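K.L.:
What follows is the file work-v1.txt, containing compact mmCIF, C-alpha atoms:
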# COMPACT_ATOMS: atom_id res chain seq x y z
CA MET G 1 -12.47 33.91 91.11
CA VAL G 2 -15.79 33.64 93.00
CA ALA G 3 -17.26 36.56 91.07
CA ASN G 4 -16.03 34.96 87.88
CA TYR G 5 -17.74 31.69 88.78
CA ALA G 6 -20.98 33.50 89.67
CA ASP G 7 -20.78 35.32 86.37
CA ILE G 8 -20.30 32.06 84.43
CA LEU G 9 -23.27 30.53 86.25
CA GLU G 10 -25.43 33.54 85.50
CA ARG G 11 -24.47 33.45 81.83
CA ALA G 12 -25.25 29.73 81.69
CA ARG G 13 -28.63 30.38 83.28
CA ALA G 14 -29.31 32.89 80.54
CA GLY G 15 -28.68 30.17 77.94
CA ASP G 16 -25.01 30.87 77.08
CA MET G 17 -23.81 27.50 75.83
CA GLU G 18 -20.13 28.37 76.13
CA ALA G 19 -20.60 29.26 79.79
CA PHE G 20 -22.48 26.03 80.42
CA ALA G 21 -19.66 24.09 78.73
CA GLY G 22 -17.30 25.72 81.23
CA LEU G 23 -19.44 24.47 84.12
CA VAL G 24 -19.56 20.96 82.64
CA GLN G 25 -15.79 20.99 82.25
CA GLN G 26 -15.37 22.12 85.84
CA PHE G 27 -17.67 19.53 87.44
CA GLN G 28 -17.76 16.53 85.09
CA SER G 29 -14.87 14.62 86.69
CA ALA G 30 -16.30 15.01 90.20
CA ILE G 31 -19.82 14.00 89.14
CA VAL G 32 -18.73 10.99 87.08
CA SER G 33 -16.34 9.87 89.86
CA TYR G 34 -19.21 10.14 92.35
CA LEU G 35 -21.51 8.11 90.09
CA PHE G 36 -18.78 5.50 89.59
CA ARG G 37 -18.44 5.15 93.36
CA LEU G 38 -22.19 4.60 93.62
CA THR G 39 -22.57 2.22 90.67
CA GLY G 40 -19.20 0.51 90.20
CA ASP G 41 -19.58 0.82 86.42
CA MET G 42 -17.62 3.53 84.60
CA GLU G 43 -19.61 3.40 81.38
CA LEU G 44 -22.85 3.69 83.32
CA ALA G 45 -21.37 6.51 85.41
CA ARG G 46 -20.52 8.43 82.22
CA ASP G 47 -24.04 7.90 80.85
CA LEU G 48 -25.69 8.99 84.10
CA GLY G 49 -23.26 11.91 84.28
CA GLN G 50 -24.23 13.01 80.79
CA ASP G 51 -27.93 12.79 81.73
CA THR G 52 -27.20 14.81 84.87
CA PHE G 53 -25.70 17.72 82.93
CA ILE G 54 -28.43 17.69 80.28
CA GLN G 55 -31.11 17.76 82.99
CA ALA G 56 -29.19 20.53 84.74
CA TYR G 57 -29.18 22.55 81.52
CA LYS G 58 -32.93 22.03 81.12
CA GLY G 59 -33.63 23.10 84.70
CA LEU G 60 -31.07 25.86 85.08
CA SER G 61 -32.99 28.70 83.48
CA THR G 62 -36.31 28.03 85.23
CA THR G 63 -35.18 27.66 88.82
CA VAL G 64 -33.92 29.86 91.63
CA CYS G 65 -31.00 28.40 93.50
CA THR G 66 -31.26 27.80 97.25
CA ILE G 67 -28.25 25.46 97.44
CA SER G 68 -24.89 25.67 95.68
CA PHE G 69 -24.70 24.68 92.03
CA ARG G 70 -22.28 21.91 93.00
CA ALA G 71 -24.71 20.50 95.57
CA TRP G 72 -27.56 20.80 93.08
CA LEU G 73 -25.60 18.78 90.49
CA TYR G 74 -24.86 16.10 93.11
CA ARG G 75 -28.53 15.98 93.91
CA ILE G 76 -29.55 15.40 90.29
CA ALA G 77 -26.76 12.81 89.93
CA THR G 78 -27.95 11.04 93.08
CA ASN G 79 -31.52 10.88 91.81
CA ASN G 80 -30.30 9.51 88.49
CA ALA G 81 -28.37 6.77 90.29
CA LEU G 82 -31.27 5.94 92.60
CA GLN G 83 -33.67 5.76 89.67
CA TYR G 84 -31.24 3.41 87.89
CA PHE G 85 -31.07 1.15 90.97
CA ARG G 86 -34.86 1.13 91.23
CA ARG G 87 -35.25 0.14 87.59
CA GLN G 88 -32.66 -2.59 87.96
CA ALA G 89 -34.46 -3.97 91.01
CA LYS G 90 -37.75 -4.04 89.07
CA LEU G 91 -36.18 -5.72 86.05
CA ALA G 92 -34.18 -8.32 87.93
CA PHE G 93 -35.70 -11.73 88.57
CA VAL G 94 -32.69 -12.79 90.59
CA PRO G 95 -31.99 -12.59 94.33
CA LEU G 96 -31.40 -9.02 95.55
CA ASP G 97 -27.74 -9.58 96.35
CA ASP G 98 -27.06 -10.68 92.78
CA SER G 99 -28.84 -7.62 91.39
CA ARG G 100 -26.50 -5.24 93.12
CA PRO G 101 -23.84 -3.71 90.90
CA ALA G 102 -20.54 -5.53 90.83
CA ALA G 103 -17.19 -3.83 91.24
CA ALA G 104 -15.21 -3.15 88.10
CA ASN G 105 -12.98 -6.06 89.01
CA PRO G 106 -14.63 -8.48 91.46
CA ASP G 107 -11.40 -10.41 91.97
CA ALA G 108 -9.49 -7.33 92.91
CA ALA G 109 -10.06 -7.82 96.64
CA ARG G 110 -8.42 -11.18 96.52
CA GLU G 111 -5.63 -9.72 94.40
CA GLY G 112 -4.80 -7.35 97.22
CA SER G 113 -6.13 -4.11 95.79
CA GLU G 114 -7.21 -2.21 98.88
CA SER G 115 -9.10 0.40 96.92
CA ALA G 116 -11.08 -2.17 94.92
CA ALA G 117 -11.90 -4.16 98.06
CA VAL G 118 -13.25 -1.02 99.74
CA HIS G 119 -15.30 -0.20 96.64
CA GLU G 120 -16.66 -3.73 96.44
CA ALA G 121 -17.84 -3.57 100.05
CA LEU G 122 -19.37 -0.15 99.45
CA LEU G 123 -21.33 -1.45 96.45
CA LYS G 124 -22.91 -4.19 98.56
CA MET G 125 -24.43 -1.67 100.96
CA PRO G 126 -28.02 -0.35 100.75
CA GLU G 127 -28.08 2.53 98.29
CA ARG G 128 -29.26 5.29 100.60
CA LEU G 129 -26.56 4.50 103.17
CA ARG G 130 -23.97 4.30 100.37
CA VAL G 131 -25.01 7.73 99.07
CA CYS G 132 -24.57 9.36 102.49
CA LEU G 133 -21.22 7.67 103.18
CA VAL G 134 -19.78 8.71 99.82
CA LEU G 135 -21.10 12.28 100.02
CA HIS G 136 -19.70 12.68 103.54
CA PHE G 137 -16.43 10.77 103.57
CA VAL G 138 -15.35 10.94 99.93
CA ASP G 139 -16.83 14.10 98.44
CA GLY G 140 -16.47 16.03 101.67
CA PHE G 141 -19.99 17.40 102.15
CA LYS G 142 -21.00 18.29 105.69
CA HIS G 143 -24.09 16.68 107.24
CA ARG G 144 -25.91 20.01 106.98
CA GLU G 145 -25.16 20.22 103.25
CA ILE G 146 -26.19 16.61 102.62
CA ALA G 147 -29.45 17.19 104.48
CA LYS G 148 -30.28 20.16 102.25
CA MET G 149 -29.17 18.28 99.17
CA LEU G 150 -31.26 15.19 99.88
CA GLY G 151 -34.25 17.02 101.35
CA ILE G 152 -34.03 15.17 104.68
CA SER G 153 -33.22 16.31 108.23
CA GLU G 154 -29.68 16.65 109.56
CA ASP G 155 -30.52 14.01 112.17
CA ALA G 156 -31.55 11.65 109.37
CA VAL G 157 -28.19 12.20 107.69
CA ARG G 158 -26.38 11.54 110.98
CA MET G 159 -28.39 8.34 111.33
CA ARG G 160 -27.61 7.19 107.81
CA VAL G 161 -23.90 7.95 108.13
CA ALA G 162 -23.71 6.13 111.49
CA ARG G 163 -25.64 3.14 110.14
CA GLY G 164 -23.52 3.27 106.99
CA CYS G 165 -20.31 3.06 109.04
CA ALA G 166 -21.56 -0.04 110.85
CA GLU G 167 -22.88 -1.61 107.66
CA PHE G 168 -19.62 -0.95 105.81
CA ARG G 169 -17.59 -2.65 108.53
CA ARG G 170 -19.90 -5.65 108.47
CA THR G 171 -19.81 -5.93 104.67
CA TYR G 172 -16.07 -5.34 104.40
CA ARG G 173 -15.33 -7.99 107.01
CA ALA G 174 -17.76 -10.44 105.35
CA SER G 175 -15.89 -10.06 102.06
CA GLY G 176 -12.60 -10.89 103.75
CA GLY G 177 -11.37 -7.36 104.40
CA ASP G 178 -9.09 -6.75 107.35
CA LEU G 179 -10.28 -4.18 109.89
CA PRO G 180 -8.74 -3.15 113.22
CA MET T 1 -25.09 11.71 126.73
CA ASN T 2 -25.34 7.94 126.21
CA CYS T 3 -23.47 5.66 123.81
CA TYR T 4 -26.37 5.54 121.33
CA GLN T 5 -26.43 9.34 121.04
CA MET T 6 -22.66 9.30 120.70
CA LYS T 7 -22.89 6.89 117.79
CA MET T 8 -24.91 9.48 115.85
CA LEU T 9 -22.50 12.31 116.64
CA LEU T 10 -19.13 10.65 116.12
CA PRO T 11 -18.91 11.01 112.30
CA ALA T 12 -19.71 14.73 112.61
CA PHE T 13 -17.25 15.02 115.51
CA GLU T 14 -14.56 13.40 113.40
CA ASN T 15 -15.30 15.92 110.63
CA ASN T 16 -15.30 18.97 112.96
CA GLU T 17 -18.96 19.73 112.28
CA LEU T 18 -20.35 19.87 115.81
CA THR T 19 -21.24 22.96 117.80
CA GLU T 20 -18.92 23.86 120.65
CA GLY T 21 -21.40 22.47 123.19
CA GLU T 22 -21.86 19.18 121.34
CA ARG T 23 -18.12 18.86 120.90
CA GLU T 24 -17.48 19.33 124.62
CA ALA T 25 -20.14 16.76 125.49
CA VAL T 26 -18.62 14.24 123.10
CA MET T 27 -15.11 14.79 124.48
CA LEU T 28 -16.38 14.38 128.04
CA HIS T 29 -18.03 11.09 127.13
CA LEU T 30 -14.99 9.83 125.20
CA ALA T 31 -12.77 10.45 128.22
CA SER T 32 -14.67 7.81 130.16
CA CYS T 33 -15.89 5.38 127.48
CA PRO T 34 -13.31 3.13 125.78
CA ARG T 35 -16.02 1.61 123.60
CA CYS T 36 -16.97 4.93 122.00
CA LEU T 37 -13.29 5.84 121.70
CA ALA T 38 -12.78 2.63 119.73
CA ALA T 39 -15.83 3.51 117.61
CA LEU T 40 -14.27 6.89 116.83
CA GLU T 41 -11.05 5.17 115.76
CA SER T 42 -13.02 2.88 113.47
CA ILE T 43 -14.74 5.90 111.87
CA ARG T 44 -11.34 7.49 111.26
CA ASP T 45 -10.18 4.23 109.74
CA LEU T 46 -13.27 4.11 107.51
CA HIS T 47 -12.70 7.72 106.44
CA ASN T 48 -9.13 6.87 105.45
CA ARG T 49 -10.20 3.78 103.54
CA LEU T 50 -12.95 5.57 101.62
CA SER T 51 -10.72 8.50 100.78
CA ILE T 52 -8.42 6.21 98.74
CA LEU T 53 -11.21 5.44 96.26
CA PRO T 54 -9.90 6.60 92.88
CA SER T 55 -11.17 9.71 91.10
CA THR T 56 -11.71 9.93 87.39
CA SER T 57 -10.17 12.71 85.36
CA LEU T 58 -12.14 13.40 82.20
CA ASP T 59 -10.96 15.34 79.18
CA SER T 60 -13.02 17.69 77.05
CA GLU T 61 -14.51 14.85 74.99
CA MET T 62 -17.38 14.35 77.43
CA THR T 63 -18.03 18.09 77.59
CA ASN T 64 -18.16 18.25 73.79
CA ASN T 65 -20.53 15.29 73.65
CA ILE T 66 -22.89 16.86 76.19
CA ILE T 67 -22.91 20.24 74.45
CA ALA T 68 -23.43 18.59 71.04
CA LYS T 69 -26.36 16.57 72.41
CA ILE T 70 -27.95 19.67 73.95
CA LYS T 71 -27.60 21.53 70.65
CA ARG T 72 -29.22 18.63 68.78
CA MET T 73 -32.06 18.52 71.32
CA LYS T 74 -32.59 22.27 70.99
CA LYS T 75 -32.76 21.99 67.20
CA THR T 76 -35.33 19.20 67.36
CA GLY T 77 -37.35 20.94 70.08
CA LYS T 78 -36.68 18.27 72.72
CA MET T 79 -35.46 20.55 75.48
CA ASP T 80 -38.71 20.54 77.46
CA MET T 81 -38.81 18.58 80.69
CA SER T 82 -39.73 14.99 79.86
CA HIS T 83 -41.66 12.69 82.16
CA GLU T 84 -38.34 11.06 83.03
CA ASP T 85 -36.75 14.41 83.92
CA ILE T 86 -39.64 15.19 86.23
CA GLU T 87 -39.14 11.82 87.93
CA ILE T 88 -35.49 12.70 88.50
CA MET T 89 -36.29 16.23 89.68
CA PRO T 90 -39.78 15.80 91.07
CA ALA T 91 -40.30 19.32 92.48
CA GLN T 92 -43.69 19.57 94.18
CA LEU T 93 -45.23 16.45 92.68
CA MET T 94 -43.38 14.00 94.90
CA ASP T 95 -44.04 16.00 98.06
CA GLU T 96 -47.75 16.21 97.38
CA ARG T 97 -47.99 12.53 96.53
CA ASP T 98 -46.10 11.60 99.69
CA ALA T 99 -48.31 13.86 101.77
CA LYS T 100 -51.43 12.22 100.30
CA ASN T 101 -50.09 8.77 101.05
CA GLY T 102 -49.09 9.83 104.54
CA MET T 103 -45.55 8.69 103.87
CA VAL T 104 -43.02 9.56 106.55
CA ASN T 105 -39.29 9.17 106.10
CA ASP T 106 -38.53 8.02 109.63
CA ASP T 107 -34.77 7.89 109.85
CA SER T 108 -34.92 8.53 113.56
CA ASN T 109 -35.93 4.90 113.95
CA PRO T 110 -32.97 2.67 113.10
CA GLU T 111 -35.29 -0.27 112.54
CA SER T 112 -37.53 1.53 110.06
CA ALA T 113 -37.55 0.02 106.59
CA PRO T 114 -37.36 2.26 103.52
CA GLU T 115 -40.79 3.35 102.36
CA ALA T 116 -41.94 2.88 98.79
CA GLY T 117 -40.77 5.88 96.78
CA ASP T 118 -38.41 6.91 99.56
CA ASP T 119 -35.42 6.11 97.41
CA LEU T 120 -35.99 9.08 95.11
CA LEU T 121 -35.21 12.39 96.65
CA PRO T 122 -38.11 14.82 96.97
CA GLY T 123 -37.75 18.19 95.29
CA TRP T 124 -34.78 19.92 93.77
CA GLY T 125 -33.57 22.21 96.48
CA PHE T 126 -34.39 24.91 93.95
CA HIS T 127 -37.53 27.04 94.06
CA ARG T 128 -39.28 27.76 90.84
CA PRO T 129 -39.74 31.52 90.38
Kindly transcribe the structure held in the file into C-alpha cells.

P.N.:
Amino acid sequence: MVANYADILERARAGDMEAFAGLVQQFQSAIVSYLFRLTGDMELARDLGQDTFIQAYKGLSTTVCTISFRAWLYRIATNNALQYFRRQAKLAFVPLDDSRPAAANPDAAREGSESAAVHEALLKMPERLRVCLVLHFVDGFKHREIAKMLGISEDAVRMRVARGCAEFRRTYRASGGDLP
Amino acid sequence: MNCYQMKMLLPAFENNELTEGEREAVMLHLASCPRCLAALESIRDLHNRLSILPSTSLDSEMTNNIIAKIKRMKKTGKMDMSHEDIEIMPAQLMDERDAKNGMVNDDSNPESAPEAGDDLLPGWGFHRP
C-alpha cells in the first residue's frame, strides 16, 4: 500500500494526470474540511481547496520533498487561508471582530448545536492560533510535524497551542458556552 | 519544572508526544499541583470538543473540476507559477525579505504581537533541485 502510494506520487510528479487525480481524490475531503474549520465557509473552503491542488500540481514536478505530501498540502492550504484572511482584513473598513468569518449558522450555538458552538468560538480566535489548534487537535499532527509544516520551531508550536487552548476557553465562555 | 513550563508541555503530554524524561517531569509536577492537573483536564476537554467538528466527504465532482481546470490551464499555457502562487509558496523570497527587514518570529514571548508578514508561512518545506 505504501509502495503503491509512493508510486502514485512519483507518477504524478512526472506529470501523470490520472495519478494526480488519484491524489486529489485521496486528500480533497481532508483539505476542504480543514479549510472549512479555518474559514467557516464551505464554498470558500472548496475554492481554496481547488486552488491548493492546482498550486500543488504546479509545484510538484519542480520540488524535492522534505516533508510528507500530506503535510505539504496542508501547508499550501494554510497559506491560502492566511492569504485570504489578510486580504479580507485589508478590504474591510469595519471593526476587526466584524471582519472575522462567521460560522455557517451563527444561531446554532443558541440552538444547542455543540459542534457549531465550538466552531463559532474557534472562528473568533486569532488565525495563527486557530491553525495550530486545528492541525494538532483535529487533524492529528504532532507538534514536530506542525513545526516543519509551518517553518517555525517546535517551541513556537507548543506556545501557540498552549495560547490557543487558553484563548479558545475564553472565547467559548464569552459566547455562552459551558466549560467545566 | 514550574507551572509556566508545564503549560507549554501539557498539550504534547496529552498527545503522548513528549520524551520519556519530559513525561516523567510532567507526571512528577502533576502529582503535586492541582492547578496544572485541572489545566490538563481542560486540555482533554478541549480536545474532545474540537474532535466533534464535522468532516466533509466530497465526491469525484471536485476532483473532475480540478483536473479539468488544470488541463485547460495547460492548453492555454497558464501553468507557470503566477505572482499569486509565489506569494502562497514563497520559497526563498520571503526568507530573504524577512532577513533584510530583521524580522523575528518571537513565539517564545507570549506578549509578542504578530509581525507584519508573519501570517504567511515562509518557504514550502520543499527544496528546489

K.L.:
Atom CA of Ala6 of chain G and atom CA of Ile67 of chain T are how many Å apart?

P.N.:
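Computing it gives 20.3 Å between the two atoms.
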
K.L.:
At what distance in Å, to one decimal, does atom CA of Ile76 of chain G lie from atom CA of Leu48 of chain G?

P.N.:
9.7 Å

K.L.:
Would you compute the distance between atom CA of Leu60 of chain G and atom CA of Asp47 of chain G? Give it in Å to one decimal.

P.N.:
19.7 Å

K.L.:
So, with only C-alpha atoms as the atoms that count, which of G:Ala12, G:Val138, G:Ala174, G:Ile146 lies closest to chain T?

P.N.:
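The closest residue to chain T is G:Val138.
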
K.L.:
Which residues, protein or nucleic acid, reach to within 9 Å of (-11.7, 21.3, 76.3) in the file's coordinates when using all atoms listed in the file, and can you give that as a list in words?

P.N.:
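Every polymer residue passing the test: Ala21, Gly22 and Gln25 of chain G; Asp59, Ser60, Glu61, Thr63 and Asn64 of chain T.
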
K.L.:
Using only C-alpha atoms, find the residues of chain G whose closest atom to chain T is at most 8 Å away, then write them as an NGL selection string.

P.N.:
:G and (17 or 21 or 24-25 or 28-30 or 32-33 or 37 or 50 or 53-55 or 58-59 or 62-67 or 72 or 75-76 or 79-80 or 82-83 or 86 or 115-116 or 118-119 or 128 or 134 or 137-138 or 142-143 or 148-151 or 155-156 or 158-163 or 165 or 180)

K.L.:
Nearest residue to Ala147 of chain G out of G:Thr171, G:Ala71, G:Leu38, G:Thr52, using all atoms listed in the file?

P.N.:
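Ranking G:Thr171, G:Ala71, G:Leu38, G:Thr52 by distance to Ala147 of chain G, first place goes to G:Ala71.
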